[in-house]
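Colleague: Pasting a structure here, questions to come.
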Amino acid sequence: KHWFKLWVRENLSIRQLSLFSGYSESKLKGVKNYWLEQNPAHPFNYGEITHLVYDGTYFHKDGCLMVLMSASNQMIVSSLYAAKEGTAQSSRWFSDLKEKGLNPFCITMDGEQQTMNIIQTLWRGITIQRCLYHIQREGMRWLRSKPKTKAAQELRRLLTSLCGIQSIKERIHFLQTYRIWLKTYRDYVYSLPMRIKANFDLKRTIALIDNAIPNMFHYLMDSNIPPTSNMLEGFYSRLKLAYQLHRGLTQRHKIQFLKWYCYFENQQKINNL
């Protein structure tokens, strides 16, 4: 398994492994293919996990990797590769984890509605912390880097402060400023011609913030709740870099590669404890 781990985690090619190990390329390909046919074990006491981070990332539009990470130690609790988020397959994945004893108090995630519905149905009363970074990034993308209307300029300026909120006082200031903005500009925004994309996106940004506000600031009441899913974003960056160096895998082996990458990520964290 040592050489397989180096292939997965250290971004080494079969040719490089052959030079380092002295084994033939054909033997190492056999080792690689053997382990890609196996499923890594993920021994977890799911009942002990209280705070989770969830996010999904797409691979060239042919599938989505969904990952649940423990917020306390950044261990990967489980992963699933499926066509997209919020499907029956992902619903079965969450249901299976519940049957294994997973009963989280809180989960930090983006605003993917179908996934939120699945989670709230399975775990009644769970706290969902909306990822502030996703709200900020999406809203600022819709508002453009240089918005033309004063309404969009002011709303964009407000959104830039979102990820820096660290106190109740700052939360109150954000919400009060947003309410003043709504009172000043809501009617104006809704009177704009929606056939113009920038106007339509400004309206979408209002809906984004309105829908997220009830679940924006739970982290201020519980220091164990991450305000963003950025810990997973960093993991995805490393994973995609490693995967790019092993392109050409069959779909099955691609899925197995992603599982093993998650497994070795956990092993490295355990070794660093």
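Chain lettering (A, B, ...) mirrors the order of the structure tokens, residue numbering begins at 1 for each chain separately, and ligand numbering begins at 1 in order of display.
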Quick one: residues within 10 Å of Gly47 of chain A, only C-alpha atoms counted, chain neighbours fewer than 2 positions away excluded, as a list in words?

Modeller: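 Answer for this query is Phe44, Asn45, Ile49, Thr50, Lys98, Lys100, Gly101, Leu102, Asn103 and Pro104 of chain A.
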
Colleague: Just write the chosen residues, all heavy atoms, as a compact mmCIF listing (two decimals), in the first residue's frame.

Modeller:
# COMPACT_ATOMS: atom_id res chain seq x y z
N PHE A 44 -15.49 5.20 12.29
CA PHE A 44 -15.86 6.40 13.04
C PHE A 44 -16.89 6.04 14.10
O PHE A 44 -17.74 5.17 13.88
CB PHE A 44 -16.49 7.44 12.11
CG PHE A 44 -15.52 8.42 11.50
CD1 PHE A 44 -15.08 8.26 10.21
CD2 PHE A 44 -15.05 9.50 12.23
CE1 PHE A 44 -14.19 9.15 9.63
CE2 PHE A 44 -14.15 10.40 11.68
CZ PHE A 44 -13.73 10.22 10.38
N ASN A 45 -16.77 6.72 15.23
CA ASN A 45 -17.87 6.68 16.20
C ASN A 45 -18.76 7.86 15.85
O ASN A 45 -18.57 8.97 16.34
CB ASN A 45 -17.33 6.79 17.63
CG ASN A 45 -18.44 6.64 18.66
OD1 ASN A 45 -19.63 6.73 18.33
ND2 ASN A 45 -18.06 6.41 19.89
N ILE A 49 -19.84 12.81 16.88
CA ILE A 49 -19.65 13.96 16.01
C ILE A 49 -20.82 14.92 16.16
O ILE A 49 -21.97 14.55 15.91
CB ILE A 49 -19.50 13.52 14.55
CG1 ILE A 49 -18.31 12.58 14.41
CG2 ILE A 49 -19.35 14.72 13.63
CD1 ILE A 49 -18.25 11.84 13.09
N THR A 50 -20.54 16.14 16.56
CA THR A 50 -21.62 17.10 16.84
C THR A 50 -21.69 18.25 15.84
O THR A 50 -22.75 18.78 15.56
CB THR A 50 -21.47 17.69 18.25
OG1 THR A 50 -20.17 18.32 18.36
CG2 THR A 50 -21.60 16.60 19.32
N LYS A 98 -27.14 8.40 9.15
CA LYS A 98 -28.00 8.51 10.34
C LYS A 98 -28.19 7.14 10.99
O LYS A 98 -28.15 7.01 12.22
CB LYS A 98 -29.35 9.12 9.97
CG LYS A 98 -30.26 9.30 11.18
CD LYS A 98 -31.60 9.92 10.81
CE LYS A 98 -32.46 10.09 12.05
NZ LYS A 98 -33.79 10.68 11.74
N LYS A 100 -26.15 4.79 10.98
CA LYS A 100 -24.89 4.41 11.63
C LYS A 100 -24.64 5.20 12.91
O LYS A 100 -23.62 4.99 13.58
CB LYS A 100 -23.73 4.63 10.65
CG LYS A 100 -23.72 3.65 9.49
CD LYS A 100 -22.58 3.96 8.52
CE LYS A 100 -22.56 2.98 7.37
NZ LYS A 100 -21.48 3.29 6.37
N GLY A 101 -25.55 6.12 13.24
CA GLY A 101 -25.45 6.85 14.50
C GLY A 101 -25.12 8.31 14.39
O GLY A 101 -24.99 9.00 15.42
N LEU A 102 -24.96 8.82 13.17
CA LEU A 102 -24.64 10.24 13.02
C LEU A 102 -25.85 11.09 13.43
O LEU A 102 -26.94 10.94 12.89
CB LEU A 102 -24.25 10.55 11.58
CG LEU A 102 -23.75 11.98 11.31
CD1 LEU A 102 -22.43 12.23 12.05
CD2 LEU A 102 -23.56 12.22 9.81
N ASN A 103 -25.63 11.98 14.39
CA ASN A 103 -26.73 12.82 14.89
C ASN A 103 -26.17 14.20 15.23
O ASN A 103 -26.08 14.58 16.39
CB ASN A 103 -27.37 12.17 16.12
CG ASN A 103 -28.62 12.91 16.56
OD1 ASN A 103 -29.32 13.52 15.75
ND2 ASN A 103 -28.88 12.89 17.85
N PRO A 104 -25.80 14.97 14.22
CA PRO A 104 -25.10 16.24 14.47
C PRO A 104 -26.02 17.31 15.05
O PRO A 104 -27.23 17.33 14.79
CB PRO A 104 -24.62 16.64 13.08
CG PRO A 104 -25.60 16.02 12.14
CD PRO A 104 -25.99 14.72 12.78

Colleague: I need the residues in segment 10-71 of chain A that are strand (DSSP E) according to DSSP; give them as a count of residues only.

Modeller: 15

Colleague: Could you give me, as an NGL selection string, the residues within 12 Å of Gln267 of chain A, counting only C-alpha atoms and dropping anything in the same chain fewer than 5 positions from it?

Modeller: :A and (5 or 9 or 40-43 or 74-76 or 260-262 or 272-273)

Colleague: Mind writing the picked residues with C-alpha atoms as a PDB file, in the first residue's frame?

Modeller:
ATOM      1  CA  LYS A   5      -0.261   5.944  -1.157  1.00  0.00           C
ATOM      2  CA  ARG A   9      -1.087  11.600  -2.140  1.00  0.00           C
ATOM      3  CA  PRO A  40     -11.001   2.094   2.230  1.00  0.00           C
ATOM      4  CA  ALA A  41     -12.393   1.655   5.715  1.00  0.00           C
ATOM      5  CA  HIS A  42     -13.591   4.721   7.613  1.00  0.00           C
ATOM      6  CA  PRO A  43     -13.953   3.647  11.260  1.00  0.00           C
ATOM      7  CA  GLN A  74     -11.189  18.391  10.171  1.00  0.00           C
ATOM      8  CA  MET A  75     -11.421  14.619   9.709  1.00  0.00           C
ATOM      9  CA  ILE A  76     -13.464  13.528   6.706  1.00  0.00           C
ATOM     10  CA  TRP A 260      -8.671   6.800  -1.166  1.00  0.00           C
ATOM     11  CA  TYR A 261      -7.541  10.419  -1.225  1.00  0.00           C
ATOM     12  CA  CYS A 262     -10.052  11.133   1.558  1.00  0.00           C
ATOM     13  CA  ASN A 272      -0.094  14.468  13.101  1.00  0.00           C
ATOM     14  CA  LEU A 273      -2.071  14.248  16.339  1.00  0.00           C
TER      15      LEU A 273
END

Colleague: List as a PyMOL selection string the protein and nucleic acid residues near Gln244 of chain A, meaning an atom at most 12 Å away when only C-alpha atoms are counted, but skip any in the same chain fewer than 3 places from it.

Modeller: chain A and resi 8+11-13+59-60+237-241+247-249+254+257-258

Colleague: As a PyMOL selection string, please: the residues near segment 132-143 of chain A (cut-off 8 Å, only C-alpha atoms, same-chain neighbours under 4 positions excluded).

Modeller: chain A and resi 110+147+152-153+156+159-160+162-163+198+201-202+204-205+208-209+212+216+227-230

Colleague: Can you list every residue of segment 50-84 of chain A that has an atom at most 12 Å from segment 116-127 of chain A, with its nearest atom pair and the distance in Å to one decimal, using only C-alpha atoms, ordered by chain then number, as JSON lines?

Modeller:
{"residue": "A:Thr50", "atom": "CA", "partner": "A:Ile126", "partner_atom": "CA", "distance": 10.2}
{"residue": "A:His51", "atom": "CA", "partner": "A:Thr127", "partner_atom": "CA", "distance": 9.5}
{"residue": "A:Leu52", "atom": "CA", "partner": "A:Thr127", "partner_atom": "CA", "distance": 10.4}
{"residue": "A:Val53", "atom": "CA", "partner": "A:Thr127", "partner_atom": "CA", "distance": 11.8}
{"residue": "A:Tyr54", "atom": "CA", "partner": "A:Met116", "partner_atom": "CA", "distance": 10.4}
{"residue": "A:Asp55", "atom": "CA", "partner": "A:Met116", "partner_atom": "CA", "distance": 11.3}

Colleague: May I ask which of the residues A:Asn271, A:Ser21, A:Gln129, A:Asn266 is the closest one to Ser78 of chain A, counting only C-alpha atoms?

Modeller: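 Closest residue, counting only C-alpha atoms: A:Asn266.
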
Colleague: Rounded to one decimal, what separation in Å do you get between atom CA of Ile206 of chain A and atom CA of Ile165 of chain A?

Modeller: 19.2 Å

Colleague: Given only C-alpha atoms as the basis, pick out the residue of A:Arg130, A:Lys61, A:His2, A:Lys84 nearest to Gln114 of chain A.

Modeller: A:Lys84

Colleague: If I take atom CA of Leu65 of chain A and atom CA of Ser79 of chain A, how far is one from the other in Å, to one decimal?

Modeller: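 About the pair atom CA of Leu65 of chain A and atom CA of Ser79 of chain A: they are 7.0 Å apart.
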
Colleague: Which residue is closest to Cys106 of chain A? Choose from A:Gln268, A:Thr149, A:Leu192, A:Ser70 and count only C-alpha atoms.

Modeller: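 Ranking A:Gln268, A:Thr149, A:Leu192, A:Ser70 by distance to Cys106 of chain A, first place goes to A:Ser70.
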
Colleague: If we count only C-alpha atoms and set the cut-off at 8 Å, which residues sit around Met66 of chain A, ignoring sequence neighbours fewer than 2 positions away in its own chain? Please answer as a ChimeraX atom specification.

Modeller: /A:54-57,64,68,79-82,85

Colleague: Find, counting only C-alpha atoms, the residue in A:Leu220, A:Leu36, A:Met109, A:Ile213 that gets nearest to Lys259 of chain A.

Modeller: A:Leu36

Colleague: Please provide the set of residues having any atom within 12 Å of Arg186 of chain A, restricted to only C-alpha atoms, with same-chain residues fewer than 3 positions apart removed, written as a PDB file with C-alpha atoms, in the first residue's frame.

Modeller:
ATOM      1  CA  ALA A 151     -28.114  50.665  -4.717  1.00  0.00           C
ATOM      2  CA  ALA A 152     -25.843  47.891  -5.978  1.00  0.00           C
ATOM      3  CA  LEU A 155     -25.138  46.563  -1.112  1.00  0.00           C
ATOM      4  CA  TYR A 178     -29.168  46.081   5.561  1.00  0.00           C
ATOM      5  CA  ARG A 179     -32.655  47.051   6.822  1.00  0.00           C
ATOM      6  CA  ILE A 180     -31.922  50.720   6.093  1.00  0.00           C
ATOM      7  CA  TRP A 181     -30.715  49.721   2.625  1.00  0.00           C
ATOM      8  CA  LEU A 182     -33.953  47.773   2.018  1.00  0.00           C
ATOM      9  CA  LYS A 183     -36.093  50.685   3.181  1.00  0.00           C
ATOM     10  CA  VAL A 189     -34.931  47.823  -7.293  1.00  0.00           C
ATOM     11  CA  TYR A 190     -38.252  46.093  -7.912  1.00  0.00           C
ATOM     12  CA  SER A 191     -39.276  48.883 -10.283  1.00  0.00           C
ATOM     13  CA  LEU A 192     -36.242  48.322 -12.502  1.00  0.00           C
ATOM     14  CA  ASN A 199     -31.119  44.456 -12.423  1.00  0.00           C
ATOM     15  CA  LEU A 202     -29.515  42.723  -7.944  1.00  0.00           C
ATOM     16  CA  LYS A 203     -32.967  41.399  -7.108  1.00  0.00           C
ATOM     17  CA  ARG A 204     -31.515  37.904  -6.745  1.00  0.00           C
ATOM     18  CA  THR A 205     -28.973  39.231  -4.260  1.00  0.00           C
ATOM     19  CA  ILE A 206     -31.771  40.603  -2.073  1.00  0.00           C
ATOM     20  CA  ALA A 207     -33.421  37.165  -2.076  1.00  0.00           C
TER      21      ALA A 207
END

Colleague: Enter the distance from atom CA of Tyr236 of chain A to atom CA of Tyr58 of chain A, in Å, rounded to one decimal.

Modeller: 10.0 Å
